[in-house]
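Asker: Input structure: my_file_22.txt, which contains compact mmCIF, C-alpha atoms.
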# COMPACT_ATOMS: atom_id res chain seq x y z
CA ARG A 1 -10.82 1.62 8.68
CA VAL A 2 -8.24 1.41 5.94
CA THR A 3 -5.12 -0.74 5.92
CA TRP A 4 -2.01 -0.97 3.75
CA VAL A 5 -0.15 -4.30 3.73
CA THR A 6 3.53 -4.67 2.89
CA HIS A 7 6.17 -7.35 3.44
CA THR A 8 8.22 -5.04 5.69
CA LEU A 9 8.22 -1.31 6.38
CA GLY A 10 11.52 -1.04 4.53
CA SER A 11 10.38 -3.08 1.48
CA GLY A 12 12.13 -1.07 -1.20
CA GLY A 13 10.07 2.03 -1.85
CA ILE A 14 6.74 0.36 -1.09
CA GLY A 15 7.01 0.45 2.71
CA PRO A 16 7.55 4.22 2.92
CA VAL A 17 4.86 4.90 0.29
CA CYS A 18 2.38 2.89 2.38
CA GLN A 19 3.36 4.93 5.43
CA TYR A 20 2.90 8.25 3.58
CA ALA A 21 -0.48 7.16 2.26
CA ALA A 22 -1.65 6.03 5.71
CA GLU A 23 -0.47 9.26 7.35
CA SER A 24 -2.21 11.40 4.75
CA THR A 25 -5.40 9.36 4.95
CA SER A 26 -5.47 9.62 8.74
CA THR A 27 -4.59 13.33 8.83
CA LEU A 28 -6.68 14.57 5.91
CA THR A 29 -9.77 12.36 6.03
CA GLY A 30 -10.01 11.11 9.59
CA TRP A 31 -10.10 7.44 8.56
CA ARG A 32 -8.51 5.03 11.02
CA ALA A 33 -5.36 4.02 9.16
CA THR A 34 -3.14 0.98 9.74
CA VAL A 35 0.03 -0.26 8.09
CA VAL A 36 0.58 -4.01 8.43
CA SER A 37 4.08 -5.41 8.05
CA LEU A 38 3.78 -9.13 7.39
CA HIS A 39 7.29 -10.30 8.16
CA GLU A 40 8.93 -7.98 10.69
CA PRO A 41 9.17 -9.25 14.29
CA THR A 42 5.83 -9.49 16.07
CA GLY A 43 4.50 -6.48 17.93
CA ALA A 44 2.26 -3.50 17.45
CA TRP A 45 2.80 0.17 18.11
CA ARG A 46 1.06 3.46 17.45
CA LYS A 47 2.61 6.50 15.86
CA ASP A 48 0.78 9.12 17.91
CA HIS A 49 1.80 12.19 15.96
CA CYS A 50 -0.24 11.17 12.94
CA GLY A 51 -2.73 8.63 14.29
CA VAL A 52 -1.50 5.67 12.22
CA GLU A 53 -1.29 2.24 13.80
CA TYR A 54 1.65 0.09 12.71
CA VAL A 55 1.27 -3.66 13.18
CA SER A 56 4.01 -6.21 12.63
CA LEU A 57 2.79 -9.78 12.37
CA GLY A 58 6.12 -11.63 12.31
CA MET A 59 4.47 -14.02 9.88
CA ALA A 60 6.40 -16.94 8.38
CA PRO A 61 6.30 -16.86 4.56
CA ASP A 62 4.48 -20.21 4.45
CA ARG A 63 1.70 -19.15 6.89
CA PRO A 64 -0.62 -16.79 4.96
CA GLN A 65 -3.56 -17.85 7.12
CA GLU A 66 -2.01 -15.77 9.93
CA PHE A 67 -2.91 -12.66 7.95
CA LEU A 68 -6.52 -13.85 7.61
CA SER A 69 -6.61 -14.42 11.37
CA TRP A 70 -5.38 -10.87 11.98
CA LEU A 71 -7.96 -9.51 9.54
CA SER A 72 -10.74 -11.48 11.25
CA ALA A 73 -9.74 -10.03 14.64
CA ASN A 74 -9.31 -6.52 13.15
CA PRO A 75 -12.09 -5.96 10.57
CA GLN A 76 -11.29 -3.35 7.93
CA ASP A 77 -13.31 -1.43 5.35
CA VAL A 78 -10.57 -1.00 2.72
CA LEU A 79 -7.43 -3.06 2.15
CA PHE A 80 -4.52 -1.97 -0.04
CA THR A 81 -2.04 -4.71 -0.93
CA ASN A 82 1.40 -4.03 -2.35
CA ASP A 83 3.57 -6.82 -3.77
CA VAL A 84 2.53 -9.23 -1.03
CA SER A 85 3.04 -12.55 -2.77
CA THR A 86 3.03 -14.47 0.51
CA ILE A 87 -0.68 -13.68 1.09
CA GLU A 88 -1.98 -13.64 -2.49
CA THR A 89 -3.48 -17.10 -2.00
CA CYS A 90 -5.70 -15.52 0.69
CA PHE A 91 -7.32 -13.07 -1.72
CA PRO A 92 -10.28 -15.35 -2.56
CA TYR A 93 -10.97 -15.71 1.17
CA LEU A 94 -11.00 -12.04 2.15
CA PRO A 95 -14.16 -11.05 4.04
CA GLU A 96 -17.18 -10.11 1.96
CA GLY A 97 -17.75 -6.36 2.08
CA LEU A 98 -14.04 -5.57 2.36
CA LEU A 99 -12.90 -3.39 -0.54
CA HIS A 100 -9.60 -4.76 -1.81
CA VAL A 101 -7.31 -2.59 -3.92
CA ILE A 102 -4.03 -3.78 -5.43
CA GLN A 103 -1.37 -1.11 -5.79
CA LEU A 104 1.09 -1.54 -8.67
CA TYR A 105 4.40 0.28 -8.31
CA ASP A 106 6.26 -1.57 -11.02
CA SER A 107 5.58 -2.92 -14.49
CA ALA A 108 7.54 -6.15 -13.96
CA ALA A 109 5.78 -9.22 -15.33
CA ARG A 110 5.30 -10.85 -11.91
CA TYR A 111 3.34 -7.87 -10.56
CA LEU A 112 1.18 -7.53 -13.66
CA SER A 113 0.50 -11.28 -13.75
CA ALA A 114 -0.53 -11.35 -10.10
CA ALA A 115 -2.91 -8.41 -10.57
CA ALA A 116 -4.57 -10.11 -13.57
CA ARG A 117 -4.65 -13.53 -11.85
CA TYR A 118 -6.37 -12.20 -8.71
CA ALA A 119 -8.65 -9.71 -10.51
CA PRO A 120 -11.83 -11.68 -9.62
CA TRP A 121 -11.19 -10.91 -5.93
CA VAL A 122 -10.18 -7.27 -6.31
CA ASP A 123 -12.32 -4.13 -6.35
CA GLY A 124 -9.71 -1.77 -7.73
CA VAL A 125 -6.19 -1.42 -9.04
CA VAL A 126 -4.14 1.71 -8.43
CA THR A 127 -0.99 2.25 -10.47
CA VAL A 128 1.86 4.63 -9.77
CA SER A 129 1.84 5.97 -13.34
CA HIS A 130 -0.32 6.25 -16.43
CA TYR A 131 2.21 4.03 -18.22
CA ILE A 132 1.56 1.10 -15.86
CA LYS A 133 -2.19 1.74 -16.03
CA GLU A 134 -2.09 1.46 -19.83
CA ILE A 135 -0.21 -1.85 -19.59
CA ILE A 136 -2.45 -3.47 -16.95
CA ALA A 137 -5.90 -2.23 -18.08
CA PRO A 138 -6.19 -4.58 -21.12
CA ARG A 139 -5.00 -7.57 -19.07
CA LEU A 140 -7.57 -6.82 -16.39
CA ALA A 141 -10.33 -6.37 -18.97
CA ALA A 142 -9.40 -9.73 -20.55
CA SER A 143 -9.85 -11.39 -17.14
CA GLY A 144 -13.36 -9.95 -16.79
CA PHE A 145 -12.36 -7.35 -14.20
CA LYS A 146 -15.18 -4.85 -13.54
CA GLY A 147 -13.47 -2.73 -10.87
CA ILE A 148 -11.78 0.64 -11.01
CA VAL A 149 -8.31 1.16 -12.50
CA ALA A 150 -6.69 4.50 -11.67
CA SER A 151 -3.29 6.16 -11.48
CA VAL A 152 -2.18 7.93 -8.32
CA HIS A 153 1.35 9.23 -8.41
CA ASN A 154 3.61 8.68 -5.41
CA GLY A 155 3.56 11.41 -2.83
CA ALA A 156 5.70 12.27 0.14
CA ASN A 157 5.48 14.41 3.23
CA PHE A 158 7.95 17.25 3.08
CA PRO A 159 8.80 19.67 5.90
CA PRO A 160 7.78 23.31 5.47
CA ALA A 161 10.09 25.31 3.22
CA PRO A 162 12.64 27.27 5.23
CA VAL A 163 12.44 31.06 5.30
CA ARG A 164 15.07 32.44 2.98
CA THR A 165 16.58 35.88 3.03
CA VAL A 166 17.67 37.86 0.00
CA ARG A 167 21.39 37.43 -0.45
CA GLN A 168 23.50 40.39 -1.43
CA GLY A 169 26.34 39.91 -3.90
CA PRO A 170 26.85 37.33 -6.63
CA LEU A 171 25.09 34.00 -6.45
CA ARG A 172 27.56 31.10 -6.49
CA LEU A 173 26.32 27.62 -7.16
CA LEU A 174 28.24 24.40 -6.89
Here is a file; write its structure as structure tokens.
Answerer:
Amino acid sequence: RVTWVTHTLGSGGIGPVCQYAAESTSTLTGWRATVVSLHEPTGAWRKDHCGVEYVSLGMAPDRPQEFLSWLSANPQDVLFTNDVSTIETCFPYLPEGLLHVIQLYDSAARYLSAAARYAPWVDGVVTVSHYIKEIIAPRLAASGFKGIVASVHNGANFPPAPVRTVRQGPLRLL
């Protein structure tokens, strides 16, 4: 059971990246994948075509314990968090045995600071580029972090390429 957590499914580029990762994990590895939206209206649904469960908690920004309650009722094996400042205070209280991975999609100071600050309660950090990995690795090491730091570039699901026929005559491009 692996879960990605985001503020909302449309949170900049993070929401869609979480969805792509969950879909690929579910399709390619058979893991039970979930995407949790912290702040969209309450409700849960299942995207049957790819086996990913989408959960919206409708959580108020000042109620991070609601996430811990959801996690207690829905135990997970791996948790990926992505710019989720409203639940960062919960990181020290995550269940023992849960692998927690922070994903860094940006090199802004607030993201790097949060990753270094919560390093004692994190098992891994995944960055979107080697550049961000090079920036965060020394900060993590200085905090005593012993987990894994790796770069995984963003991916996307693209439809199959259309069949193209050979065109006769000159090729005109706009």
Asker: Applying 9 Å and all atoms listed in the file, which residues near stretch 2-8 of chain A remain after dropping the ones on its own chain fewer than 5 positions away? List them as a list in words.
Answerer: Ile14, Gly15, Cys18, Gln19, Ala21, Ala22, Thr25, Trp31, Arg32, Ala33, Thr34, Val35, Val36, Ser37, Leu38, His39, Glu40, Ser56, Gln76, Asp77, Val78, Leu79, Phe80, Thr81, Asn82, Asp83, Val84, Ser85 and Thr86 of chain A
Asker: At a cut-off of 9 Å, using only C-alpha atoms, what residues contact A:Pro92? Leave out same-chain residues fewer than 4 positions from it and give the result as a list in words.
Answerer: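 Residues meeting the cut-off are Glu88, Tyr118, Pro120, Trp121 and Val122 of chain A.
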Asker: How many Å lie between atom CA of A:Pro95 and atom CA of A:Val125, rounded to one decimal?
Answerer: 18.1 Å
Asker: Because the input lacks atoms here, generate N, CA, C and O atoms for stretch 6-21 of chain A and report them as a compact mmCIF listing (two decimals), in the frame of the given file.
Answerer:
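Below is the file that was written, result_34.txt:
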# COMPACT_ATOMS: atom_id res chain seq x y z
N THR A 6 2.24 -4.58 3.56
CA THR A 6 3.53 -4.67 2.89
C THR A 6 4.34 -5.78 3.55
O THR A 6 4.03 -6.18 4.69
N HIS A 7 5.33 -6.30 2.84
CA HIS A 7 6.17 -7.35 3.44
C HIS A 7 6.86 -6.82 4.69
O HIS A 7 6.81 -7.43 5.75
N THR A 8 7.57 -5.70 4.56
CA THR A 8 8.22 -5.04 5.69
C THR A 8 8.12 -3.54 5.46
O THR A 8 7.89 -3.08 4.34
N LEU A 9 8.30 -2.77 6.52
CA LEU A 9 8.22 -1.31 6.38
C LEU A 9 9.33 -0.77 5.49
O LEU A 9 9.19 0.29 4.91
N GLY A 10 10.42 -1.49 5.37
CA GLY A 10 11.52 -1.04 4.53
C GLY A 10 11.54 -1.71 3.17
O GLY A 10 12.53 -1.64 2.47
N SER A 11 10.44 -2.35 2.76
CA SER A 11 10.38 -3.08 1.48
C SER A 11 10.60 -2.13 0.31
O SER A 11 9.66 -1.56 -0.23
N GLY A 12 11.84 -1.96 -0.08
CA GLY A 12 12.13 -1.07 -1.20
C GLY A 12 11.47 0.27 -0.98
O GLY A 12 11.53 0.85 0.09
N GLY A 13 10.78 0.77 -1.98
CA GLY A 13 10.07 2.03 -1.85
C GLY A 13 8.63 1.85 -1.40
O GLY A 13 7.95 2.80 -1.07
N ILE A 14 8.15 0.61 -1.39
CA ILE A 14 6.74 0.36 -1.09
C ILE A 14 6.41 0.65 0.37
O ILE A 14 5.39 1.25 0.67
N GLY A 15 7.26 0.22 1.30
CA GLY A 15 7.01 0.45 2.71
C GLY A 15 6.80 1.92 3.04
O GLY A 15 5.78 2.30 3.63
N PRO A 16 7.74 2.79 2.65
CA PRO A 16 7.55 4.22 2.92
C PRO A 16 6.33 4.81 2.21
O PRO A 16 5.64 5.66 2.78
N VAL A 17 6.04 4.38 0.99
CA VAL A 17 4.86 4.90 0.29
C VAL A 17 3.59 4.53 1.05
O VAL A 17 2.67 5.34 1.19
N CYS A 18 3.54 3.30 1.57
CA CYS A 18 2.38 2.89 2.38
C CYS A 18 2.26 3.78 3.61
O CYS A 18 1.15 4.19 3.98
N GLN A 19 3.38 4.08 4.24
CA GLN A 19 3.36 4.93 5.43
C GLN A 19 2.86 6.34 5.08
O GLN A 19 2.02 6.89 5.79
N TYR A 20 3.36 6.92 4.00
CA TYR A 20 2.90 8.25 3.58
C TYR A 20 1.40 8.25 3.30
O TYR A 20 0.68 9.16 3.69
N ALA A 21 0.94 7.23 2.60
CA ALA A 21 -0.48 7.16 2.26
C ALA A 21 -1.33 7.05 3.53
O ALA A 21 -2.36 7.71 3.66
